[in-house]
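Asks: Sending over a structure as structure tokens; questions will come in a sec.
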Amino acid sequence: MTTTVTEIAGDVYRISTFAPEYGIQFNQFLIKDDEPFVMHAGFRKMFAATRDAVATVLDPARLRWIGFSHFESDECGALNEWLTAAPQAQAVASFVGVTVNLADFAVRPARALADNEVLETGRHRLRFLATPHVPHGWDAGLFFEETGRTLLCSDLFFQPGEPPALTEADLVGPARAAIIGGRSSPLAKDMPYTPYTDATLQRLADLKPRTLATMHGSSFAGDGERALRDLARVLRETLGGR
Ligand SMILES: [Fe+2]
Ligand SMILES: [Fe+2]
């Protein structure tokens with residue numbers, strides 16, 4: 001298992017570990033700033049690999065903020081390992097995430113972010129968007145790095161295998177194929193289609209991201225607004241009404 005580090009946008013580092021047992025990449029995103037931020041703590045069992053990868057960019061003990069989308073092991077399994085390794089670090093999540101999960105799970109108090117609240121880390125501004133059930137989970141939320149217009153989009157645009165770190169090619173086609181292929185998997189039905197799904201995707205598109213930082217698969221550089229509106233259509237066609 002090897003971990004690679006790639007700067008996919010200014011100060012945004014993709015830390016990627018391919019896990020053969022799952023056949024997918026697990027990607028964390030480190031934002032180098034006065035108050036370093038990482039999106040996804042990652043799996044507990046991958047903590048040493050993630051920490052060593054962070055150390056190629058900055059001292060892991062300097063980490064200040066740990067964000068994630070929703071409460072799952074790949075998103076926040078190593079949260080307490082991070083809180084132990086970085087004495088100034090604090091988890092940031094949705095009000096639901098903090099109240100329902102982190103208030104009990106985390107070894108130190110977490111900070112709850114309101115929908116649309118901005119977290120300033122120095123040069124960068126991270127806008128938090130509460131996105132219940134997108135990609136999944138009542139507690140779900142996403143972060144938008146406004147300075148460089150990077151959307152940290154968790155499981156949206158999921159692609160299996162070992163694609164390149166960053167692509168300008170279409171991401172929606174592979175994501176659509178993964179949704180359809182996933183229907184026959186024991187892990188099927190991971191993404192619900194709720195009364196909020198389309199409006200949430202349209203709201204993300206309105207942000208006009210230049211980079212989409214995906215947790216599983218390639219990140220995307222290009223017209224993020226168009227990719228998100230296309231993904232909304234794909235979700236409506238493949239999941240809507242089922
Ligand atoms: Fe997930
Ligand atoms: Fe994930």
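FYI, nothing fancy with the structure tokens labels: chains A, B, ... in order, residues from 1 per chain, ligands from 1 as they appear.
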As a list of chain:residue names, please: every protein or nucleic acid residue near ligand 1 (cut-off 7 Å, counting only C-alpha atoms and all ligand atoms).

Replies: A:His70, A:Glu72, A:Pro135, A:His136, A:Asp155

Asks: DSSP on the backbone, then: every residue of stretch 26-115 of chain A marked helix (DSSP H, G or I), written as a ChimeraX atom specification.

Replies: /A:44-54,60-62,73-76,79-85,95-105

Asks: Would you export the selected residues with C-alpha atoms as a PDB file, in the first residue's frame, please?

Replies:
ATOM      1  CA  ARG A  44      -7.730   4.567  11.776  1.00  0.00           C
ATOM      2  CA  LYS A  45      -5.716   1.726  10.222  1.00  0.00           C
ATOM      3  CA  MET A  46      -4.237   4.147   7.670  1.00  0.00           C
ATOM      4  CA  PHE A  47      -3.344   6.844  10.215  1.00  0.00           C
ATOM      5  CA  ALA A  48       0.438   6.259  10.137  1.00  0.00           C
ATOM      6  CA  ALA A  49       0.477   6.443   6.335  1.00  0.00           C
ATOM      7  CA  THR A  50      -1.628   9.617   6.292  1.00  0.00           C
ATOM      8  CA  ARG A  51       0.437  11.280   9.023  1.00  0.00           C
ATOM      9  CA  ASP A  52       3.707  10.463   7.236  1.00  0.00           C
ATOM     10  CA  ALA A  53       2.287  11.899   4.005  1.00  0.00           C
ATOM     11  CA  VAL A  54       1.213  15.098   5.800  1.00  0.00           C
ATOM     12  CA  PRO A  60       1.630  17.027  11.500  1.00  0.00           C
ATOM     13  CA  ALA A  61       1.645  18.377  15.073  1.00  0.00           C
ATOM     14  CA  ARG A  62       0.713  21.807  13.595  1.00  0.00           C
ATOM     15  CA  SER A  73     -14.635   5.195   9.294  1.00  0.00           C
ATOM     16  CA  ASP A  74     -12.972   6.390   6.100  1.00  0.00           C
ATOM     17  CA  GLU A  75     -14.020   9.983   6.852  1.00  0.00           C
ATOM     18  CA  CYS A  76     -13.228  10.197  10.552  1.00  0.00           C
ATOM     19  CA  LEU A  79     -10.011  11.484  14.304  1.00  0.00           C
ATOM     20  CA  ASN A  80      -8.862  10.687  17.833  1.00  0.00           C
ATOM     21  CA  GLU A  81      -5.402   9.645  16.619  1.00  0.00           C
ATOM     22  CA  TRP A  82      -5.123  13.089  14.989  1.00  0.00           C
ATOM     23  CA  LEU A  83      -6.398  14.883  18.082  1.00  0.00           C
ATOM     24  CA  THR A  84      -3.717  13.087  20.079  1.00  0.00           C
ATOM     25  CA  ALA A  85      -0.913  13.766  17.587  1.00  0.00           C
ATOM     26  CA  PHE A  95     -24.292  20.766  14.123  1.00  0.00           C
ATOM     27  CA  VAL A  96     -25.896  17.363  13.638  1.00  0.00           C
ATOM     28  CA  GLY A  97     -22.511  15.665  13.348  1.00  0.00           C
ATOM     29  CA  VAL A  98     -21.188  17.255  16.516  1.00  0.00           C
ATOM     30  CA  THR A  99     -24.378  16.741  18.523  1.00  0.00           C
ATOM     31  CA  VAL A 100     -25.166  13.210  17.422  1.00  0.00           C
ATOM     32  CA  ASN A 101     -21.679  11.713  17.016  1.00  0.00           C
ATOM     33  CA  LEU A 102     -18.658  13.771  18.014  1.00  0.00           C
ATOM     34  CA  ALA A 103     -19.959  14.906  21.403  1.00  0.00           C
ATOM     35  CA  ASP A 104     -19.478  11.302  22.477  1.00  0.00           C
ATOM     36  CA  PHE A 105     -16.889   9.958  20.023  1.00  0.00           C
TER      37      PHE A 105
END

Asks: Enumerate, as an MDAnalysis selection string, the complete set of residues in stretch 49-123 of chain A that a backbone-based DSSP assignment places in strand (DSSP E or B).

Replies: chainID A and resid 65:67 90:94 111:113 118:120

Asks: What does the file look like for those residues with N, CA and C atoms, as a PDB file, in the first residue's frame?

Replies:
ATOM      1  N   TRP A  65      -7.224  22.102  12.135  1.00  0.00           N
ATOM      2  CA  TRP A  65      -8.631  21.767  11.896  1.00  0.00           C
ATOM      3  C   TRP A  65      -8.755  20.427  11.185  1.00  0.00           C
ATOM      4  N   ILE A  66      -9.704  19.636  11.626  1.00  0.00           N
ATOM      5  CA  ILE A  66      -9.990  18.351  10.980  1.00  0.00           C
ATOM      6  C   ILE A  66     -11.461  18.364  10.576  1.00  0.00           C
ATOM      7  N   GLY A  67     -11.691  18.467   9.279  1.00  0.00           N
ATOM      8  CA  GLY A  67     -13.059  18.466   8.771  1.00  0.00           C
ATOM      9  C   GLY A  67     -13.378  17.158   8.088  1.00  0.00           C
ATOM     10  N   GLN A  90      -8.666  20.580  16.272  1.00  0.00           N
ATOM     11  CA  GLN A  90     -10.062  20.479  16.680  1.00  0.00           C
ATOM     12  C   GLN A  90     -10.874  19.990  15.480  1.00  0.00           C
ATOM     13  N   ALA A  91     -11.819  19.111  15.759  1.00  0.00           N
ATOM     14  CA  ALA A  91     -12.708  18.650  14.698  1.00  0.00           C
ATOM     15  C   ALA A  91     -13.743  19.716  14.409  1.00  0.00           C
ATOM     16  N   VAL A  92     -14.108  19.854  13.122  1.00  0.00           N
ATOM     17  CA  VAL A  92     -15.194  20.744  12.712  1.00  0.00           C
ATOM     18  C   VAL A  92     -16.159  19.927  11.873  1.00  0.00           C
ATOM     19  N   ALA A  93     -17.437  20.031  12.210  1.00  0.00           N
ATOM     20  CA  ALA A  93     -18.456  19.264  11.501  1.00  0.00           C
ATOM     21  C   ALA A  93     -19.787  19.989  11.637  1.00  0.00           C
ATOM     22  N   SER A  94     -20.802  19.408  11.023  1.00  0.00           N
ATOM     23  CA  SER A  94     -22.130  20.019  11.097  1.00  0.00           C
ATOM     24  C   SER A  94     -22.654  19.980  12.530  1.00  0.00           C
ATOM     25  N   ARG A 111     -16.015  21.549  17.124  1.00  0.00           N
ATOM     26  CA  ARG A 111     -16.691  22.819  16.822  1.00  0.00           C
ATOM     27  C   ARG A 111     -17.782  22.554  15.786  1.00  0.00           C
ATOM     28  N   ALA A 112     -18.991  22.951  16.123  1.00  0.00           N
ATOM     29  CA  ALA A 112     -20.105  22.785  15.186  1.00  0.00           C
ATOM     30  C   ALA A 112     -20.164  23.991  14.262  1.00  0.00           C
ATOM     31  N   LEU A 113     -20.304  23.741  12.977  1.00  0.00           N
ATOM     32  CA  LEU A 113     -20.410  24.828  12.007  1.00  0.00           C
ATOM     33  C   LEU A 113     -21.844  24.925  11.513  1.00  0.00           C
ATOM     34  N   VAL A 118     -18.253  30.458   7.671  1.00  0.00           N
ATOM     35  CA  VAL A 118     -16.923  30.471   7.061  1.00  0.00           C
ATOM     36  C   VAL A 118     -15.858  30.257   8.131  1.00  0.00           C
ATOM     37  N   LEU A 119     -14.954  29.343   7.842  1.00  0.00           N
ATOM     38  CA  LEU A 119     -13.809  29.073   8.712  1.00  0.00           C
ATOM     39  C   LEU A 119     -12.586  29.687   8.038  1.00  0.00           C
ATOM     40  N   GLU A 120     -11.939  30.645   8.688  1.00  0.00           N
ATOM     41  CA  GLU A 120     -10.753  31.267   8.098  1.00  0.00           C
ATOM     42  C   GLU A 120      -9.520  30.580   8.652  1.00  0.00           C
TER      43      GLU A 120
END

Asks: Output as CSV one row per residue of chain A within 12 Å of ligand 2: the closest atom pair and its distance in Å to one decimal place, counting only C-alpha atoms and all ligand atoms, sorted by chain and residue number ascending.

Replies:
residue,atom,partner,partner_atom_place_in_ligand_line,distance
A:Tyr22,CA,ligand 2,1 (Fe),11.5
A:Ile24,CA,ligand 2,1 (Fe),9.8
A:Gln25,CA,ligand 2,1 (Fe),9.3
A:Phe26,CA,ligand 2,1 (Fe),7.1
A:Asn27,CA,ligand 2,1 (Fe),8.5
A:Gln28,CA,ligand 2,1 (Fe),9.9
A:Met39,CA,ligand 2,1 (Fe),11.2
A:His40,CA,ligand 2,1 (Fe),8.8
A:Ala41,CA,ligand 2,1 (Fe),11.0
A:Gly42,CA,ligand 2,1 (Fe),8.9
A:Phe43,CA,ligand 2,1 (Fe),10.0
A:Phe68,CA,ligand 2,1 (Fe),9.7
A:Ser69,CA,ligand 2,1 (Fe),8.7
A:His70,CA,ligand 2,1 (Fe),8.7
A:Phe71,CA,ligand 2,1 (Fe),9.8
A:Glu72,CA,ligand 2,1 (Fe),7.6
A:Ser73,CA,ligand 2,1 (Fe),8.5
A:Asp74,CA,ligand 2,1 (Fe),5.7
A:Glu75,CA,ligand 2,1 (Fe),6.1
A:Cys76,CA,ligand 2,1 (Fe),9.8
A:Gly77,CA,ligand 2,1 (Fe),11.2
A:Val134,CA,ligand 2,1 (Fe),11.8
A:Pro135,CA,ligand 2,1 (Fe),9.1
A:His136,CA,ligand 2,1 (Fe),9.8
A:Gly137,CA,ligand 2,1 (Fe),11.4
A:Ala140,CA,ligand 2,1 (Fe),11.5
A:Leu152,CA,ligand 2,1 (Fe),11.7
A:Cys153,CA,ligand 2,1 (Fe),9.7
A:Ser154,CA,ligand 2,1 (Fe),6.0
A:Asp155,CA,ligand 2,1 (Fe),4.9
A:Leu156,CA,ligand 2,1 (Fe),8.7
A:Phe157,CA,ligand 2,1 (Fe),10.5
A:Phe158,CA,ligand 2,1 (Fe),8.2
A:Gln159,CA,ligand 2,1 (Fe),10.7
A:Pro160,CA,ligand 2,1 (Fe),11.2
A:Asp190,CA,ligand 2,1 (Fe),10.4
A:Met191,CA,ligand 2,1 (Fe),11.4
A:Ala213,CA,ligand 2,1 (Fe),12.0
A:Thr214,CA,ligand 2,1 (Fe),8.9
A:Met215,CA,ligand 2,1 (Fe),5.8
A:His216,CA,ligand 2,1 (Fe),6.5
A:Gly217,CA,ligand 2,1 (Fe),10.3

Asks: Calculated over only C-alpha atoms, which of the candidates A:Thr211, A:Thr194, A:Ser219, A:Ala110 has the smallest distance to A:Leu235?

Replies: A:Thr194

Asks: Using only C-alpha atoms for the distances, tell me which of A:Ser218, A:Lys208, A:Glu237, A:Asp34 is nearest to A:Glu162.

Replies: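 Using only C-alpha atoms, the shortest distance to A:Glu162 belongs to A:Ser218.
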
Asks: Restricting the calculation to only C-alpha atoms, which member of A:Thr197, A:Ser184, A:Thr147, A:Thr56 is positioned closest to A:Arg14?

Replies: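 Smallest separation from A:Arg14 among the options: A:Thr56.
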
Asks: Interatomic distance between atom CA of A:Arg233 and atom CA of A:Ala205?

Replies: 12.1 Å

Asks: From the list A:Leu142, A:Val38, A:Ala89, A:Ala165, which residue is nearest A:Thr3 when using only C-alpha atoms?

Replies: A:Ala165

Asks: Pick the closest to A:Val12 from A:His124, A:Arg203, A:Arg64, A:Lys32: which is it, counting only C-alpha atoms?

Replies: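 Of all the options, A:Lys32 lies closest to A:Val12.
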
Asks: Would you kindly return, as a ChimeraX atom specification, each protein, DNA or RNA residue with an atom no farther than 9 Å from any atom of A:Arg176, considering only C-alpha atoms and excluding same-chain residues fewer than 2 positions away?

Replies: /A:157-159,171-174,178-181,231,234-235,238

Asks: May I have the residues from that selection written out with N, CA, C and O atoms, as a PDB file, in the first residue's frame?

Replies:
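Result file follows (part37.pdb):
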ATOM      1  N   PHE A 157     -18.953  12.030  -7.073  1.00  0.00           N
ATOM      2  CA  PHE A 157     -18.061  11.696  -8.196  1.00  0.00           C
ATOM      3  C   PHE A 157     -17.186  10.482  -7.886  1.00  0.00           C
ATOM      4  O   PHE A 157     -16.060  10.376  -8.382  1.00  0.00           O
ATOM      5  N   PHE A 158     -17.701   9.573  -7.068  1.00  0.00           N
ATOM      6  CA  PHE A 158     -16.968   8.343  -6.731  1.00  0.00           C
ATOM      7  C   PHE A 158     -16.552   7.611  -8.013  1.00  0.00           C
ATOM      8  O   PHE A 158     -17.361   7.374  -8.893  1.00  0.00           O
ATOM      9  N   GLN A 159     -15.264   7.259  -8.083  1.00  0.00           N
ATOM     10  CA  GLN A 159     -14.766   6.403  -9.173  1.00  0.00           C
ATOM     11  C   GLN A 159     -13.856   5.345  -8.555  1.00  0.00           C
ATOM     12  O   GLN A 159     -12.971   5.683  -7.770  1.00  0.00           O
ATOM     13  N   LEU A 171     -15.648  13.709 -15.621  1.00  0.00           N
ATOM     14  CA  LEU A 171     -15.714  12.887 -14.410  1.00  0.00           C
ATOM     15  C   LEU A 171     -17.107  12.299 -14.235  1.00  0.00           C
ATOM     16  O   LEU A 171     -17.299  11.341 -13.486  1.00  0.00           O
ATOM     17  N   VAL A 172     -18.071  12.879 -14.925  1.00  0.00           N
ATOM     18  CA  VAL A 172     -19.467  12.475 -14.708  1.00  0.00           C
ATOM     19  C   VAL A 172     -19.747  11.103 -15.333  1.00  0.00           C
ATOM     20  O   VAL A 172     -20.445  10.279 -14.728  1.00  0.00           O
ATOM     21  N   GLY A 173     -19.169  10.850 -16.507  1.00  0.00           N
ATOM     22  CA  GLY A 173     -19.355   9.540 -17.149  1.00  0.00           C
ATOM     23  C   GLY A 173     -18.857   8.404 -16.266  1.00  0.00           C
ATOM     24  O   GLY A 173     -19.609   7.459 -15.972  1.00  0.00           O
ATOM     25  N   PRO A 174     -17.604   8.470 -15.786  1.00  0.00           N
ATOM     26  CA  PRO A 174     -17.118   7.427 -14.871  1.00  0.00           C
ATOM     27  C   PRO A 174     -17.937   7.341 -13.580  1.00  0.00           C
ATOM     28  O   PRO A 174     -18.183   6.244 -13.061  1.00  0.00           O
ATOM     29  N   ALA A 178     -20.017   4.103 -12.287  1.00  0.00           N
ATOM     30  CA  ALA A 178     -19.808   3.537 -10.947  1.00  0.00           C
ATOM     31  C   ALA A 178     -21.135   3.380 -10.209  1.00  0.00           C
ATOM     32  O   ALA A 178     -21.347   2.388  -9.491  1.00  0.00           O
ATOM     33  N   ILE A 179     -22.054   4.333 -10.385  1.00  0.00           N
ATOM     34  CA  ILE A 179     -23.372   4.234  -9.737  1.00  0.00           C
ATOM     35  C   ILE A 179     -24.118   3.018 -10.289  1.00  0.00           C
ATOM     36  O   ILE A 179     -24.680   2.217  -9.529  1.00  0.00           O
ATOM     37  N   ILE A 180     -24.082   2.872 -11.606  1.00  0.00           N
ATOM     38  CA  ILE A 180     -24.809   1.755 -12.224  1.00  0.00           C
ATOM     39  C   ILE A 180     -24.135   0.432 -11.857  1.00  0.00           C
ATOM     40  O   ILE A 180     -24.794  -0.538 -11.477  1.00  0.00           O
ATOM     41  N   GLY A 181     -22.801   0.395 -11.930  1.00  0.00           N
ATOM     42  CA  GLY A 181     -22.072  -0.827 -11.565  1.00  0.00           C
ATOM     43  C   GLY A 181     -22.274  -1.204 -10.102  1.00  0.00           C
ATOM     44  O   GLY A 181     -22.321  -2.387  -9.747  1.00  0.00           O
ATOM     45  N   LEU A 231     -23.990  15.965 -12.866  1.00  0.00           N
ATOM     46  CA  LEU A 231     -24.142  14.922 -11.844  1.00  0.00           C
ATOM     47  C   LEU A 231     -25.564  14.931 -11.279  1.00  0.00           C
ATOM     48  O   LEU A 231     -26.157  13.867 -11.044  1.00  0.00           O
ATOM     49  N   VAL A 234     -27.642  13.084 -13.670  1.00  0.00           N
ATOM     50  CA  VAL A 234     -27.360  11.642 -13.602  1.00  0.00           C
ATOM     51  C   VAL A 234     -28.035  11.035 -12.374  1.00  0.00           C
ATOM     52  O   VAL A 234     -28.630   9.952 -12.441  1.00  0.00           O
ATOM     53  N   LEU A 235     -27.971  11.726 -11.250  1.00  0.00           N
ATOM     54  CA  LEU A 235     -28.596  11.183 -10.023  1.00  0.00           C
ATOM     55  C   LEU A 235     -30.118  11.112 -10.189  1.00  0.00           C
ATOM     56  O   LEU A 235     -30.751  10.151  -9.757  1.00  0.00           O
ATOM     57  N   THR A 238     -30.709   8.111 -12.543  1.00  0.00           N
ATOM     58  CA  THR A 238     -30.364   6.770 -12.058  1.00  0.00           C
ATOM     59  C   THR A 238     -31.009   6.438 -10.720  1.00  0.00           C
ATOM     60  O   THR A 238     -31.287   5.272 -10.433  1.00  0.00           O
TER      61      THR A 238
END
